[in-house]
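Just below is one structure, and these are the notes that go with it.
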Amino acid sequence: MITEKLYYNNSYINEFSAVVLSCDACTDGFFVTLDKTAFFPEGGGQKADNGYIGDVFVKDVQEESGKILHFVDKALSVGGEYLCKLNWQQRFNRMQNHSGEHIVSGIVNSLYGYDNVGFHMEEDYVTIDFNGELTREQLDEIEDKVNYAIYKNYSINCWFPDQTELSGLDYRSKLELTENVRLVSIENTDLCACCAPHVKSTGEVGIVKILDFMRHRGGIRLVMKAGFKALLDYREKYRSVYDISNLLSAKQPEVFNAVERVYNEVDDVNRELYNFKHKVAESDKNNLIYSGNISYFISSFYDTDMMRNLVNYGMEKSSLSLAFSGEDENGYSYIAGSNSLDMKNVARSINSSLNGRGGGRDTMIQGKVSATKEQIVNYLENNEWR
Ligand SMILES: [Zn+2]
């Protein structure tokens with residue numbers, strides 16, 4: 001017995017009773033066939049529906065050799081009649097996105113003659129690849145025309161034409177199909193071969209928003225959202241812009257300029273800070289402490305750049321130069337350098353004497369010690385390299 005495909009006649013059926021024709025085990029559960037089904041199997045770029053047969057979750061639906069297989073985790077009794085329910089919100093979101101995609105593809109085709117050569121429906125957005133390039137301005141115009149077609153509430157019809165009818169029609173198609181071609185027509189807008197469920201009029205698509213586009217294989221790939229997914233996107237982005245606008249006391253359409261201004265100010269402050277730190281480290285060269293053959297400096301606010309700057313200077317004046325920065329409670333970072341000593345030995349000595357970790361190569365090492373300033377000075381005044 002062949003399963004009756006309810007989704008072809010009426011894409012709005014989301015609850016129905018069906019009899020289980022077969023139930024077989026497979027690697028991760030069971031696959032079930034029904035006498036009729038509204039579960040759309042993956043196809044035409046649209047993912048499979050989810051839902052329930054009785055209380056058993058339908059995790060995937062595939063069409064194989066003309067059979068619609070419902071993949072489930074629990075076995076169902078053959079001959080039993082079950083109430084079946086689709087995850088309708090998911091299916092309707094997909095129908096909005098898919099019908100929206102047809103409107104976009106039809107309008108691009110009629111305005112510019114470009115074909116839809118690739119189509120991906122993710123859960124949250126759709127991408128369409130066209131074999132020609134479009135500018136942002138052209139996409140704005142397309143978006144206007146697409147939404148105008150939505151407001152006009154044009155009817156959408158799906159049917160299987162016979163060979164005679166089909167041969168007289170000019171329709172969009174990615175494949176050279178000759179039999180069982182299902183057509184989806186959108187009044188005044190598009191005619192395309194497609195096996196997926198669609199909304200019954202363009203008004204139900206709600207809105208189409210083109211979000212992004214990029215060059216792709218000699219044409220463009222555009223990213224769009226329709227219906228509830230577009231609404232959700234607007235809601236999230238509106239909140240984001242609203243918050244940024246309040247935070248920066250800027251009008252909403254001007255938040256980009258406001259953020260750019262803050263960004264530039266931070267850049268300036270960072271540059272000033274860098275120069276200031278450089279000057280401080282420069283003047284602290286006079287405060288290096290020389291003790292025997294080593295020189296050292298201990299600070300409470302030096303960063304790595306400042307320490308390195310000072311150590312480089314100290315290395316010219318002494319055989320070993322060290323800089324420490326930090327505080328007794330949280331420990332000190334250190335950098336040490338020498339042009340003559342084996343720094344591996346120096347690292348070992350500092351780490352073992354001052355409860356530290358770190359190391360490096362060649363002439364410079366860096367790390368962190370858990371010791372007080374007093375312990376550090378004591379070590380520096382008594383180590384073997386003085
Ligand atoms: Zn389609």
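Residue numbers start at 1 in each chain; chains themselves are named A, B, ... in the order of the structure tokens; ligands are numbered from 1 in the order shown.
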At a cut-off of 10 Å, using only C-alpha atoms, what residues contact A:Phe228? Leave out same-chain residues fewer than 2 positions from it and give the result as a ChimeraX atom specification. /A:89,92-94,96-97,124,205-208,225-226,230-234
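Residues in contact with ligand 1 (atom pairs separated by at most 6 Å; only C-alpha atoms and all ligand atoms) are Gly44, Cys194 and Ala196 of chain A.
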Go ahead and save the residues from that selection, with N, CA and C atoms, as a compact mmCIF listing (two decimals), in the first residue's frame.
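This went into part_4.txt:
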```txt
# COMPACT_ATOMS: atom_id res chain seq x y z
N GLY A 44 13.80 19.05 -1.67
CA GLY A 44 13.63 20.37 -2.27
C GLY A 44 14.29 21.46 -1.45
N CYS A 194 8.87 22.47 -7.59
CA CYS A 194 9.25 22.33 -6.17
C CYS A 194 8.36 21.29 -5.50
N ALA A 196 8.15 20.96 -2.09
CA ALA A 196 7.96 21.28 -0.66
C ALA A 196 6.61 21.94 -0.39
```
Report the residues of stretch 160-363 of chain A whose backbone DSSP state falls under strand (DSSP E or B), written as an MDAnalysis selection string. chainID A and resid 172 183:186 190:193 201 208:216 219:226 289:291 294:299 320:327 331:337 356:361
Residues near stretch 13-26 of chain A, anyone? I mean within 12 Å using only C-alpha atoms, not counting same-chain ones fewer than 4 positions away, as a VMD selection string. chain A and resid 1 to 9 30 to 40 49 to 54 67 to 92 197 to 199
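Of note, atom CA of A:Asn330 and atom CA of A:Ile376 are spaced 13.6 Å apart.
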Which residues, written as an NGL selection string, have at least one atom at most 10 Å from A:Arg386, with only C-alpha atoms counted and residues fewer than 3 positions away on the same chain left out? :A and (290-295 or 318-320 or 380-383)
Write out as a PyMOL selection string the residues lying within 10 Å of A:Ser353, counting only C-alpha atoms and excluding same-chain residues fewer than 5 positions away. chain A and resi 347-348+369+371+375-376+379+383
Let's have the selection written as a CSV table (one decimal), in the first residue's frame, with C-alpha atoms.
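Output file part.csv is given in full below:
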```csv
chain,number,residue,atom,x,y,z
A,347,ALA,CA,64.7,31.1,35.5
A,348,ARG,CA,65.2,27.9,37.5
A,369,VAL,CA,56.3,34.7,41.4
A,371,ALA,CA,56.5,36.2,46.9
A,375,GLN,CA,61.5,38.3,49.7
A,376,ILE,CA,62.2,39.5,46.2
A,379,TYR,CA,66.7,37.2,46.8
A,383,ASN,CA,71.7,35.5,44.5
```
As a check of understanding: the span from atom CA of A:Glu133 to atom CA of A:Val146 is 18.0 Å
